[in-house]
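Engineer: File protein-v5.txt follows (compact mmCIF, C-alpha atoms):
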# COMPACT_ATOMS: atom_id res chain seq x y z
CA MET A 400 138.49 165.72 128.57
CA SER A 401 138.42 168.69 130.95
CA LEU A 402 136.00 170.99 132.67
CA SER A 403 135.04 173.98 130.56
CA HIS A 404 134.52 177.38 132.15
CA ASP A 405 133.50 178.94 128.85
CA ASP A 406 130.93 181.66 129.54
CA GLY A 407 128.83 180.70 126.52
CA LEU A 408 128.51 177.06 127.60
CA ARG A 409 127.81 178.02 131.20
CA ASP A 410 125.15 180.55 130.18
CA ALA A 411 123.43 177.99 127.94
CA ALA A 412 123.38 175.48 130.80
CA SER A 413 122.02 177.97 133.33
CA VAL A 414 118.39 177.85 132.18
CA ASP A 415 115.97 175.24 130.90
CA PHE A 416 112.88 175.31 128.70
CA GLY A 417 110.77 176.61 131.58
CA HIS A 418 112.83 179.82 131.80
CA LEU A 419 111.69 180.15 135.40
CA VAL A 420 114.79 179.02 137.31
CA HIS A 421 118.39 180.14 136.73
CA HIS A 422 121.44 178.40 138.20
CA ARG A 423 124.77 179.10 136.51
CA PRO A 424 127.08 176.09 136.70
CA SER A 425 130.70 176.43 137.73
CA ALA A 426 131.70 174.28 134.75
CA VAL A 427 130.33 172.27 131.84
CA VAL A 428 131.63 168.92 130.61
CA ARG A 429 130.97 167.44 127.16
CA PRO A 430 131.89 163.75 127.56
CA ARG A 431 132.76 161.30 124.80
CA SER A 432 131.98 158.10 126.73
CA ALA A 433 130.36 156.70 129.84
CA ARG A 434 133.85 156.27 131.27
CA GLU A 435 134.41 160.03 131.01
CA VAL A 436 131.04 160.68 132.69
CA ALA A 437 132.15 158.36 135.49
CA GLU A 438 135.46 160.20 135.88
CA VAL A 439 133.68 163.52 136.30
CA VAL A 440 131.16 162.14 138.78
CA ARG A 441 133.87 160.38 140.79
CA SER A 442 135.92 163.56 141.11
CA ALA A 443 132.84 165.62 141.95
CA ALA A 444 131.77 163.16 144.64
CA ALA A 445 135.20 163.33 146.26
CA ALA A 446 134.97 167.13 146.33
CA GLY A 447 131.29 167.30 147.29
CA VAL A 448 130.38 169.21 144.11
CA PRO A 449 126.85 168.72 142.74
CA VAL A 450 126.41 167.28 139.24
CA ALA A 451 123.50 167.40 136.82
CA ALA A 452 123.21 165.65 133.47
CA ARG A 453 121.57 167.78 130.78
CA GLY A 454 119.99 166.30 127.68
CA ARG A 455 117.95 168.84 125.72
CA GLY A 456 117.19 171.01 128.77
CA HIS A 457 113.45 170.65 128.23
CA SER A 458 112.53 170.48 131.92
CA GLY A 459 110.19 173.14 133.24
CA TYR A 460 111.46 174.14 136.67
CA GLY A 461 115.22 173.75 136.89
CA GLN A 462 115.26 169.97 137.20
CA ALA A 463 118.49 169.70 135.16
CA LEU A 464 120.22 172.78 136.59
CA THR A 465 122.97 173.11 139.17
CA THR A 466 125.55 175.59 140.40
CA GLY A 467 128.07 172.76 140.26
CA ILE A 468 128.99 170.76 137.15
CA VAL A 469 126.64 170.23 134.23
CA ILE A 470 127.34 167.19 132.06
CA ASP A 471 126.17 168.07 128.56
CA MET A 472 124.92 164.74 127.21
CA SER A 473 124.48 166.02 123.66
CA THR A 474 127.94 164.65 122.83
CA LEU A 475 126.71 161.13 123.69
CA ALA A 476 124.13 160.71 120.94
CA THR A 477 125.19 157.69 118.91
CA VAL A 478 122.77 155.04 117.64
CA HIS A 479 124.80 151.88 118.21
CA GLU A 480 122.59 149.06 116.96
CA VAL A 481 119.21 148.67 115.31
CA ARG A 482 117.32 145.41 114.92
CA ASP A 483 113.71 144.72 114.05
CA ASP A 484 112.69 144.50 117.71
CA ARG A 485 115.18 146.75 119.53
CA ILE A 486 117.54 149.70 119.28
CA VAL A 487 120.61 150.59 121.35
CA VAL A 488 121.23 154.33 121.72
CA ASP A 489 123.20 156.77 123.82
CA ALA A 490 121.17 158.76 126.31
CA GLY A 491 121.89 162.07 124.60
CA ALA A 492 120.24 160.95 121.37
CA GLY A 493 116.93 162.59 120.58
CA TRP A 494 113.76 160.63 119.98
CA ASP A 495 113.76 162.10 116.47
CA ALA A 496 117.04 160.28 115.81
CA VAL A 497 115.71 157.08 117.39
CA LEU A 498 112.62 157.19 115.19
CA GLU A 499 114.65 157.87 112.04
CA ALA A 500 117.06 154.99 112.69
CA ALA A 501 114.26 152.56 113.56
CA TRP A 502 112.13 153.64 110.59
CA ARG A 503 114.88 152.74 108.16
CA ARG A 504 114.62 149.20 109.56
CA GLY A 505 110.81 149.16 109.24
CA SER A 506 110.28 149.62 112.97
CA ALA A 507 109.34 152.36 115.43
CA PRO A 508 109.31 153.01 119.18
CA PRO A 509 105.92 151.98 120.57
CA VAL A 510 105.62 155.20 122.60
CA LEU A 511 106.66 158.64 121.38
CA THR A 512 106.16 161.93 123.13
CA ASP A 513 104.29 164.60 121.17
CA TYR A 514 107.50 166.59 120.76
CA LEU A 515 110.43 164.53 119.47
CA GLY A 516 113.17 167.02 120.34
CA LEU A 517 113.72 165.40 123.74
CA SER A 518 116.64 163.21 124.75
CA VAL A 519 116.27 159.53 125.50
CA GLY A 520 117.95 159.90 128.88
CA GLY A 521 115.78 162.85 129.81
CA THR A 522 112.43 161.20 129.18
CA LEU A 523 113.51 157.87 130.71
CA SER A 524 114.47 159.75 133.86
CA ALA A 525 110.94 161.17 134.04
CA GLY A 526 108.64 158.57 132.44
CA GLY A 527 107.85 159.58 128.88
CA ILE A 528 104.17 159.60 127.95
CA GLY A 529 102.39 159.83 124.62
CA GLY A 530 99.16 159.16 122.80
CA THR A 531 99.87 155.40 122.60
CA SER A 532 100.65 154.99 126.32
CA PHE A 533 97.21 153.51 126.99
CA ARG A 534 98.40 150.49 125.00
CA TYR A 535 102.14 150.30 125.69
CA GLY A 536 102.69 152.16 128.96
CA LEU A 537 105.36 154.83 129.32
CA GLN A 538 108.65 155.02 127.48
CA THR A 539 110.20 153.63 130.65
CA ASP A 540 108.17 150.47 130.01
CA THR A 541 109.87 149.93 126.65
CA VAL A 542 113.40 149.66 128.11
CA THR A 543 115.13 146.27 128.31
CA GLU A 544 118.64 147.29 129.41
CA LEU A 545 120.46 150.36 130.68
CA GLU A 546 124.01 151.59 131.08
CA VAL A 547 124.18 153.85 134.13
CA VAL A 548 126.82 155.88 135.94
CA THR A 549 126.04 155.98 139.64
CA GLY A 550 126.84 158.79 142.06
CA GLY A 551 129.94 156.90 143.12
CA GLY A 552 131.36 157.25 139.64
CA THR A 553 131.05 153.66 138.49
CA VAL A 554 129.54 152.35 135.25
CA HIS A 555 126.91 149.61 135.51
CA THR A 556 124.81 147.64 133.06
CA CYS A 557 121.42 146.80 134.53
CA VAL A 558 118.26 144.95 133.53
CA PRO A 559 114.66 144.96 134.86
CA SER A 560 115.46 142.56 137.70
CA ASP A 561 118.07 144.95 139.16
CA ASP A 562 117.38 147.60 141.81
CA LEU A 563 119.43 150.15 139.90
CA PHE A 564 117.17 149.72 136.87
CA ALA A 565 114.15 150.63 139.02
CA ALA A 566 116.01 153.44 140.75
CA VAL A 567 116.87 155.35 137.57
CA LEU A 568 113.79 154.83 135.36
CA GLY A 569 111.51 157.67 136.37
CA GLY A 570 114.00 158.43 139.14
CA LEU A 571 114.63 162.06 138.12
CA GLY A 572 118.37 161.51 138.08
CA GLN A 573 118.64 160.97 141.83
CA CYS A 574 120.52 157.66 141.78
CA GLY A 575 122.38 157.59 138.50
CA ILE A 576 122.98 159.10 135.08
CA ILE A 577 121.64 157.04 132.19
CA THR A 578 124.30 156.90 129.47
CA ARG A 579 122.87 154.24 127.13
CA ALA A 580 119.57 152.40 126.69
CA THR A 581 118.25 149.38 124.83
CA LEU A 582 114.68 150.12 123.74
CA ARG A 583 112.01 147.82 122.42
CA LEU A 584 110.65 148.48 118.92
CA VAL A 585 107.48 147.44 117.13
CA GLY A 586 106.67 147.13 113.46
CA ALA A 587 106.07 150.49 111.82
CA ARG A 588 103.21 151.47 109.53
CA GLU A 589 103.54 153.70 106.50
CA ARG A 590 100.58 156.02 106.98
CA VAL A 591 98.23 157.52 109.54
CA ARG A 592 94.50 158.23 109.28
CA ARG A 593 94.11 161.25 111.55
CA ARG A 594 90.83 162.63 112.81
CA GLU A 595 89.58 165.35 115.17
CA ILE A 596 86.26 164.79 116.95
CA ASP A 597 84.61 167.83 118.50
CA HIS A 598 82.67 167.67 121.77
CA ALA A 599 80.43 170.10 123.58
CA THR A 600 81.81 169.20 127.01
CA VAL A 601 84.88 167.68 128.59
CA THR A 602 82.65 165.05 130.18
CA SER A 603 81.44 163.70 126.84
CA ALA A 604 84.94 163.88 125.35
CA ALA A 605 86.49 161.97 128.25
CA ALA A 606 83.75 159.34 128.16
CA GLU A 607 84.27 158.66 124.46
CA GLN A 608 88.03 158.73 124.93
CA LEU A 609 87.78 156.10 127.65
CA TRP A 610 85.63 153.91 125.43
CA PHE A 611 88.16 154.25 122.60
CA ILE A 612 91.01 152.90 124.72
CA GLU A 613 88.89 150.18 126.33
CA VAL A 614 87.98 148.67 122.96
CA GLY A 615 91.27 149.52 121.25
CA ARG A 616 89.45 151.60 118.66
CA PHE A 617 92.51 153.64 117.62
CA ASP A 618 96.29 153.48 117.89
CA PHE A 619 96.64 157.02 119.22
CA VAL A 620 94.16 158.93 121.40
CA GLN A 621 94.54 162.37 122.92
CA GLY A 622 92.16 165.07 124.16
CA GLN A 623 92.69 168.80 123.80
CA VAL A 624 91.06 172.04 124.87
CA ARG A 625 92.07 175.18 123.00
CA TYR A 626 90.95 178.75 123.51
CA GLY A 627 90.70 181.35 120.78
CA ALA A 628 88.81 184.36 119.52
CA SER A 629 85.86 182.16 118.59
CA GLY A 630 85.68 180.61 122.04
CA ARG A 631 86.65 177.29 123.57
CA ARG A 632 87.12 174.15 121.51
CA ILE A 633 87.09 170.67 123.07
CA PHE A 634 88.10 167.81 120.82
CA LEU A 635 89.70 164.39 120.62
CA GLU A 636 92.56 163.69 118.28
CA THR A 637 92.69 160.08 117.10
CA ALA A 638 94.97 158.23 114.73
CA THR A 639 95.00 154.82 113.09
CA TYR A 640 98.32 153.53 111.80
CA TYR A 641 98.19 151.47 108.59
CA THR A 642 100.06 150.30 105.52
CA THR A 643 98.45 150.21 102.09
CA PRO A 644 96.65 148.49 100.48
CA THR A 645 94.86 147.92 103.81
CA GLU A 646 93.09 151.10 104.90
CA PRO A 647 91.00 151.97 107.98
CA HIS A 648 87.28 152.52 107.56
CA ASP A 649 87.32 155.86 109.42
CA ASP A 650 87.21 159.14 107.61
CA GLY A 651 89.83 161.79 108.28
CA GLU A 652 93.10 163.16 106.99
CA ASP A 653 95.75 160.82 105.57
CA VAL A 654 99.36 161.69 106.35
CA PRO A 655 102.66 159.81 106.17
CA TYR A 656 103.58 158.17 109.47
CA LEU A 657 106.74 160.24 109.92
CA ASP A 658 104.88 163.48 109.19
CA PHE A 659 102.39 162.65 111.92
CA GLN A 660 105.13 161.99 114.46
CA HIS A 661 106.80 165.27 113.53
CA ARG A 662 103.53 167.21 113.69
CA LEU A 663 104.88 169.72 116.24
CA ASP A 664 107.92 170.70 114.21
CA ALA A 665 106.11 173.56 112.52
CA ALA A 666 104.81 174.89 115.83
CA GLU A 667 108.33 174.80 117.30
CA ALA A 668 109.67 176.68 114.28
CA LEU A 669 106.98 179.34 114.59
CA LEU A 670 107.48 179.77 118.35
CA THR A 671 111.23 179.99 117.82
CA GLN A 672 110.70 182.69 115.22
CA THR A 673 108.29 184.69 117.39
CA GLY A 674 110.32 184.19 120.59
CA GLY A 675 107.65 182.24 122.45
CA TRP A 676 109.96 179.22 122.69
CA PHE A 677 112.32 181.27 124.88
CA GLN A 678 109.74 182.82 127.20
CA PRO A 679 108.70 181.41 130.61
CA HIS A 680 106.64 178.21 130.47
CA PRO A 681 104.87 177.52 133.77
CA TRP A 682 103.46 174.22 132.54
CA TRP A 683 101.53 171.88 134.83
CA ASN A 684 101.26 168.09 134.61
CA CYS A 685 99.44 165.69 136.92
CA PHE A 686 97.82 162.26 136.84
CA LEU A 687 94.34 162.03 138.33
CA PRO A 688 92.32 158.88 138.99
CA ALA A 689 89.47 158.35 136.56
CA SER A 690 86.97 158.65 139.42
CA THR A 691 87.84 162.33 139.99
CA ALA A 692 89.63 163.42 136.81
CA VAL A 693 86.63 164.55 134.79
CA ASP A 694 85.19 166.79 137.51
CA PHE A 695 88.62 168.33 138.01
CA LEU A 696 89.03 168.85 134.28
CA GLU A 697 85.59 170.40 133.91
CA SER A 698 86.35 172.91 136.68
CA LEU A 699 89.75 173.63 135.19
CA VAL A 700 88.62 174.36 131.64
CA ASP A 701 85.72 176.49 132.92
CA ALA A 702 88.13 178.60 134.96
CA LEU A 703 90.82 179.04 132.30
CA THR A 704 90.72 181.72 129.62
CA ALA A 705 92.59 182.38 126.40
CA ASP A 706 94.72 184.94 128.25
CA ASP A 707 95.71 182.32 130.82
CA LEU A 708 97.24 180.08 128.16
CA GLY A 709 98.45 182.45 125.48
CA PRO A 710 97.85 181.99 121.75
CA ALA A 711 99.88 178.75 121.56
CA GLY A 712 98.63 177.23 124.81
CA CYS A 713 96.23 174.37 125.41
CA VAL A 714 95.07 171.75 127.87
CA LEU A 715 95.86 168.11 127.10
CA PHE A 716 94.17 165.09 128.64
CA TYR A 717 94.27 161.38 127.99
CA PRO A 718 93.55 158.23 129.96
CA VAL A 719 96.06 155.43 130.51
CA PHE A 720 95.92 152.00 132.09
CA THR A 721 98.10 152.16 135.18
CA GLU A 722 98.70 148.41 135.16
CA ARG A 723 100.83 148.88 132.03
CA MET A 724 103.21 151.27 133.77
CA HIS A 725 105.83 149.59 135.90
CA ALA A 726 108.53 152.09 136.90
CA PRO A 727 107.97 152.34 140.66
CA LEU A 728 109.20 155.92 140.97
CA VAL A 729 106.68 157.21 138.43
CA ARG A 730 103.86 157.89 140.85
CA LEU A 731 100.37 157.01 139.65
CA PRO A 732 96.93 157.06 141.29
CA PRO A 733 95.87 153.65 142.65
CA GLU A 734 93.11 153.06 140.10
CA ARG A 735 93.00 151.01 136.92
CA VAL A 736 92.67 154.15 134.76
CA ALA A 737 94.35 157.49 135.33
CA TYR A 738 94.15 160.66 133.26
CA LEU A 739 97.23 162.71 132.48
CA ILE A 740 96.17 166.36 132.50
CA ALA A 741 98.62 168.96 131.23
CA ILE A 742 98.31 172.74 131.08
CA LEU A 743 100.63 174.24 128.46
CA ARG A 744 100.90 177.98 129.06
CA PHE A 745 102.70 180.75 127.21
CA PRO A 746 102.35 183.83 129.45
CA PRO A 747 103.19 187.26 128.04
CA ASP A 748 105.58 188.36 130.81
CA ALA A 749 107.47 187.28 133.95
CA THR A 750 104.87 188.79 136.30
CA THR A 751 102.12 186.65 134.80
CA ALA A 752 104.40 183.61 134.88
CA ALA A 753 105.07 184.11 138.60
CA ALA A 754 101.33 184.31 139.32
CA GLN A 755 100.77 181.14 137.32
CA LEU A 756 103.43 179.33 139.34
CA THR A 757 101.42 180.11 142.46
CA GLN A 758 98.29 178.88 140.72
CA ASN A 759 100.12 175.69 139.71
CA LEU A 760 100.77 174.91 143.35
CA HIS A 761 97.13 175.50 144.26
CA LEU A 762 96.03 173.25 141.40
CA TYR A 763 98.42 170.55 142.55
CA ARG A 764 97.05 170.70 146.08
CA GLU A 765 93.54 170.34 144.69
CA ALA A 766 94.58 167.45 142.45
CA ARG A 767 96.28 165.75 145.39
CA GLN A 768 93.10 166.01 147.46
CA ARG A 769 91.35 164.20 144.60
CA GLY A 770 93.92 161.39 144.64
CA GLY A 771 96.18 162.88 141.99
CA THR A 772 99.95 162.66 141.64
CA ALA A 773 102.40 164.97 139.91
CA TYR A 774 104.17 164.11 136.69
CA PRO A 775 107.19 166.19 137.74
CA ILE A 776 108.46 167.55 134.43
CA GLY A 777 106.65 170.86 134.67
CA ALA A 778 106.64 173.82 137.02
CA ILE A 779 105.13 173.03 140.40
CA PRO A 780 107.20 174.47 143.28
CA PHE A 781 107.49 171.41 145.53
CA THR A 782 108.71 171.51 149.12
CA THR A 783 110.55 168.62 150.77
CA ALA A 784 107.24 167.68 152.42
CA ASP A 785 105.59 167.57 149.00
CA TRP A 786 108.23 165.12 147.78
CA HIS A 787 107.68 162.92 150.84
CA HIS A 788 103.97 162.85 150.09
CA HIS A 789 104.59 162.33 146.38
CA TYR A 790 106.60 159.14 146.92
CA GLY A 791 104.41 157.94 149.79
CA THR A 792 105.20 154.39 150.85
CA ASP A 793 108.08 154.29 148.35
CA TRP A 794 109.89 157.17 150.07
CA PRO A 795 111.99 154.83 152.31
CA ARG A 796 112.96 152.79 149.25
CA LEU A 797 114.03 155.88 147.30
CA ARG A 798 115.99 157.15 150.29
CA GLU A 799 117.77 153.79 150.60
CA TRP A 800 118.58 153.74 146.87
CA LYS A 801 119.89 157.31 147.10
CA SER A 802 122.15 156.35 149.98
CA ARG A 803 123.40 153.27 148.15
CA TYR A 804 123.93 154.68 144.67
CA ASP A 805 124.72 158.33 145.44
CA PRO A 806 126.30 158.30 148.91
CA ALA A 807 127.78 161.80 148.53
CA GLN A 808 124.33 163.08 147.46
CA ILE A 809 125.69 165.10 144.55
CA LEU A 810 123.41 163.98 141.69
CA THR A 811 120.67 166.16 140.22
CA PRO A 812 119.89 168.64 143.01
CA GLY A 813 117.50 170.62 140.81
CA PRO A 814 114.21 169.01 141.86
CA GLY A 815 115.02 169.54 145.55
CA ILE A 816 114.03 166.00 146.56
CA PHE A 817 116.96 165.65 148.94
CA PRO A 818 118.32 168.77 150.66
CA THR A 819 121.72 169.81 149.33
CA ARG A 820 123.77 172.96 149.55
CA ASP A 821 123.07 173.46 145.85
CA HIS A 822 119.31 173.62 146.19
CA CYS A 823 118.08 177.12 146.86
CA PRO A 824 114.97 179.13 145.98
CA PRO A 825 114.62 179.93 142.27
CA GLN A 826 115.99 183.28 141.14
Will you turn the file into structure tokens for me?
Structural biologist:
Amino acid sequence: MSLSHDDGLRDAASVDFGHLVHHRPSAVVRPRSAREVAEVVRSAAAAGVPVAARGRGHSGYGQALTTGIVIDMSTLATVHEVRDDRIVVDAGAGWDAVLEAAWRRGSAPPVLTDYLGLSVGGTLSAGGIGGTSFRYGLQTDTVTELEVVTGGGTVHTCVPSDDLFAAVLGGLGQCGIITRATLRLVGARERVRRREIDHATVTSAAAEQLWFIEVGRFDFVQGQVRYGASGRRIFLETATYYTTPTEPHDDGEDVPYLDFQHRLDAAEALLTQTGGWFQPHPWWNCFLPASTAVDFLESLVDALTADDLGPAGCVLFYPVFTERMHAPLVRLPPERVAYLIAILRFPPDATTAAAQLTQNLHLYREARQRGGTAYPIGAIPFTTADWHHHYGTDWPRLREWKSRYDPAQILTPGPGIFPTRDHCPPQ
């Protein structure tokens, strides 16, 4: 294995899904094993060269970019073992591959993100949330074992009782590179009864949504606001998973389970065809406590317009029980229920995208005043002070873990959590 200076590979690794930040790496590595990842990291640490692992590059603001060495994890994508209750996969595997392998065994991951074209290592480094998270927590809460390469260039196997396990799950790549994961599975169902429930206001939608998760009414619950020529539409999307001959009593559309989980494939294909997939995406994601989330959401959807989001854009919202989420570095409001609120924008040009970045920061400040915390996968231009506030009382712990597991401070400079020579203003 060697460093590649191929212009095509370097160009591909210089931008992420957000298309807002550009950092061209000096080299790209496509490893074949965790040992090769460790060799690269060890050499980089000795030379003081920053390193970033890249899964599918779906981050929104340069989180997986660096001017140093990018480790392309797509070459580590093997499914190693599947049993009824667990699956062992490389970190570069996509959740689509995980679902396919588990499904053949009659099982499925308990939590899937809406879009399955994300890597296992990428979502586990951030959290990984979906419409079943109210019941099962985040994808980080479904992990039972990890293989990790630390910033010192050593390979470790860790379990929930280990500090390294806590340092890398939701740790944004600051303390180690996840190379393999053992994930919990649950029994799969064959079909899904899907339903959309319209509401006149966000307040009524959120209230019914909260009741749904409190009583366990559905297996999947998500809220959406979409804007179009006919005006604003507020609705809940619910789903009940089942296997015939048993059927749910609800009305709605029946679809195969796998079709439901791949429901965004057609949208991705269309956006790829039209070019929207490759335009800037100043998306915004925050958790707000239930006590303030609805008022914030009402103000947000009243202020937004169809032009703000673009034809493919929307606002997502869904409540989760914070007690079911255990990764300490995934910051959550200190209430029993928090709402994830996401703004998915598709602006028409770079000028609009830049203005929306500024708006994202203002919205974050407002959310923070209401007790909110960022889910840092999107595009909010954080300062070092923002990161200190984000981690709060856990900041000293993260700093100690960083010092212990990445003493040369070379790993994942993109978020700008710890000052490095690689982190500079976006270009």
Engineer: Could you pull the residues within 8 Å of range 600-603 of chain A, counting all atoms listed in the file, minus those fewer than 5 positions along the same chain, as an MDAnalysis selection string?
Structural biologist: chainID A and resid 633 693:694 696:697
Engineer: Put those residues in a file: C-alpha atoms, as a PDB file, in the frame of the given file.
Structural biologist:
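In the end it all went to selection-v9.pdb:
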ATOM      1  CA  ILE A 633      87.090 170.670 123.070  1.00  0.00           C
ATOM      2  CA  VAL A 693      86.630 164.550 134.790  1.00  0.00           C
ATOM      3  CA  ASP A 694      85.190 166.790 137.510  1.00  0.00           C
ATOM      4  CA  LEU A 696      89.030 168.850 134.280  1.00  0.00           C
ATOM      5  CA  GLU A 697      85.590 170.400 133.910  1.00  0.00           C
TER       6      GLU A 697
END
Engineer: Could you list, with a cut-off of 9 Å and counting all atoms listed in the file, the residues of range 575-597 of chain A near range 467-490 of chain A, each shown with its nearest atom pair and the distance in Å rounded to one decimal, rows sorted by chain and ascending number, as CSV?
Structural biologist:
residue,atom,partner,partner_atom,distance
A:Ile576,CA,A:Ala490,CA,9.0
A:Ile577,CA,A:Ala490,CA,6.1
A:Thr578,CA,A:Ala490,CA,4.8
A:Arg579,CA,A:Asp489,CA,4.2
A:Ala580,CA,A:Val488,CA,5.6
A:Thr581,CA,A:Val487,CA,4.4
A:Leu582,CA,A:Ile486,CA,5.3
A:Arg583,CA,A:Arg485,CA,4.4
A:Leu584,CA,A:Asp484,CA,4.6
A:Val585,CA,A:Asp484,CA,6.0
A:Gly586,CA,A:Asp483,CA,7.5
Engineer: For the atom pair CA of Phe745 in chain A and CA of Gly712 in chain A, what is the interatomic distance in Å to one decimal place?
Structural biologist: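 Computing it gives 5.9 Å between the two atoms.
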Engineer: Name the residues, using the chain letters and numbers of the file, that sit within 10 Å of (92.2, 173.3, 127.8) when counting only C-alpha atoms, and give them as a PDB file with C-alpha atoms, keeping the file's coordinate frame.
Structural biologist:
ATOM      1  CA  VAL A 601      84.880 167.680 128.590  1.00  0.00           C
ATOM      2  CA  GLY A 622      92.160 165.070 124.160  1.00  0.00           C
ATOM      3  CA  GLN A 623      92.690 168.800 123.800  1.00  0.00           C
ATOM      4  CA  VAL A 624      91.060 172.040 124.870  1.00  0.00           C
ATOM      5  CA  ARG A 625      92.070 175.180 123.000  1.00  0.00           C
ATOM      6  CA  TYR A 626      90.950 178.750 123.510  1.00  0.00           C
ATOM      7  CA  ARG A 631      86.650 177.290 123.570  1.00  0.00           C
ATOM      8  CA  ARG A 632      87.120 174.150 121.510  1.00  0.00           C
ATOM      9  CA  ILE A 633      87.090 170.670 123.070  1.00  0.00           C
ATOM     10  CA  PHE A 634      88.100 167.810 120.820  1.00  0.00           C
ATOM     11  CA  LEU A 696      89.030 168.850 134.280  1.00  0.00           C
ATOM     12  CA  GLU A 697      85.590 170.400 133.910  1.00  0.00           C
ATOM     13  CA  LEU A 699      89.750 173.630 135.190  1.00  0.00           C
ATOM     14  CA  VAL A 700      88.620 174.360 131.640  1.00  0.00           C
ATOM     15  CA  ASP A 701      85.720 176.490 132.920  1.00  0.00           C
ATOM     16  CA  ALA A 702      88.130 178.600 134.960  1.00  0.00           C
ATOM     17  CA  LEU A 703      90.820 179.040 132.300  1.00  0.00           C
ATOM     18  CA  THR A 704      90.720 181.720 129.620  1.00  0.00           C
ATOM     19  CA  ALA A 705      92.590 182.380 126.400  1.00  0.00           C
ATOM     20  CA  LEU A 708      97.240 180.080 128.160  1.00  0.00           C
ATOM     21  CA  GLY A 712      98.630 177.230 124.810  1.00  0.00           C
ATOM     22  CA  CYS A 713      96.230 174.370 125.410  1.00  0.00           C
ATOM     23  CA  VAL A 714      95.070 171.750 127.870  1.00  0.00           C
ATOM     24  CA  LEU A 715      95.860 168.110 127.100  1.00  0.00           C
ATOM     25  CA  PHE A 716      94.170 165.090 128.640  1.00  0.00           C
ATOM     26  CA  ILE A 740      96.170 166.360 132.500  1.00  0.00           C
ATOM     27  CA  ALA A 741      98.620 168.960 131.230  1.00  0.00           C
ATOM     28  CA  ILE A 742      98.310 172.740 131.080  1.00  0.00           C
ATOM     29  CA  LEU A 743     100.630 174.240 128.460  1.00  0.00           C
ATOM     30  CA  ARG A 744     100.900 177.980 129.060  1.00  0.00           C
TER      31      ARG A 744
END
Engineer: Identify, on the basis of all atoms listed in the file, every residue whose closest approach to Ala752 in chain A does not exceed 12 Å; exclude the query and any residue fewer than 3 positions from it along the same chain; express the result as a PyMOL selection string.
Structural biologist: chain A and resi 417-420+460+678-682+706-709+743-749+755-759+778-779
Engineer: Quick one: distance from CA of Thr541 in chain A to CA of Pro727 in chain A in Å, one decimal?
Structural biologist: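 A separation of 14.3 Å between them.
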Engineer: To one decimal place in Å, what is the distance between CA of Phe695 in chain A and CA of Arg593 in chain A?
Structural biologist: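 We find that CA of Phe695 in chain A and CA of Arg593 in chain A lie 27.9 Å from each other.
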Engineer: Name the residues in contact with Val567 in chain A at a cut-off of 10 Å, using all atoms listed in the file, excluding same-chain residues fewer than 5 positions from it; report them as an mmCIF file with C-alpha atoms, in the frame of the given file.
Structural biologist:
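Output file selection12.cif is given in full below:
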data_model
loop_
_atom_site.group_PDB
_atom_site.id
_atom_site.type_symbol
_atom_site.label_atom_id
_atom_site.label_comp_id
_atom_site.auth_asym_id
_atom_site.auth_seq_id
_atom_site.Cartn_x
_atom_site.Cartn_y
_atom_site.Cartn_z
ATOM 1 C CA GLY A 520 117.950 159.900 128.880
ATOM 2 C CA LEU A 523 113.510 157.870 130.710
ATOM 3 C CA SER A 524 114.470 159.750 133.860
ATOM 4 C CA ALA A 525 110.940 161.170 134.040
ATOM 5 C CA THR A 539 110.200 153.630 130.650
ATOM 6 C CA LEU A 545 120.460 150.360 130.680
ATOM 7 C CA VAL A 547 124.180 153.850 134.130
ATOM 8 C CA THR A 549 126.040 155.980 139.640
ATOM 9 C CA ASP A 562 117.380 147.600 141.810
ATOM 10 C CA GLY A 572 118.370 161.510 138.080
ATOM 11 C CA GLN A 573 118.640 160.970 141.830
ATOM 12 C CA CYS A 574 120.520 157.660 141.780
ATOM 13 C CA GLY A 575 122.380 157.590 138.500
ATOM 14 C CA ILE A 576 122.980 159.100 135.080
ATOM 15 C CA ILE A 577 121.640 157.040 132.190
ATOM 16 C CA ALA A 726 108.530 152.090 136.900
ATOM 17 C CA PRO A 727 107.970 152.340 140.660
ATOM 18 C CA LEU A 728 109.200 155.920 140.970
ATOM 19 C CA TRP A 800 118.580 153.740 146.870
#
Engineer: Ranking A:Ala426, A:Leu760, A:Leu563, A:Ala507 by minimum distance to Asp406 in chain A and counting all atoms listed in the file, which one comes first?
Structural biologist: A:Ala426
Engineer: Hey, which of A:Ser506, A:Gln538, A:Thr556, A:Ser698 ends up closest to Tyr656 in chain A? Count only C-alpha atoms.
Structural biologist: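 Ranking A:Ser506, A:Gln538, A:Thr556, A:Ser698 by distance to Tyr656 in chain A, first place goes to A:Ser506.
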Engineer: Counting all atoms listed in the file, which of A:Phe781, A:Tyr774, A:Trp683, A:Trp794 gets nearest to Gly527 in chain A?
Structural biologist: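 Between A:Phe781, A:Tyr774, A:Trp683, A:Trp794, the residue approaching Gly527 in chain A most closely is A:Tyr774.
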Engineer: Taking all atoms listed in the file into account, which of A:Leu739, A:Val439, A:Ala666, A:Val548 comes nearest Phe720 in chain A?
Structural biologist: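 Smallest separation from Phe720 in chain A among the options: A:Leu739.
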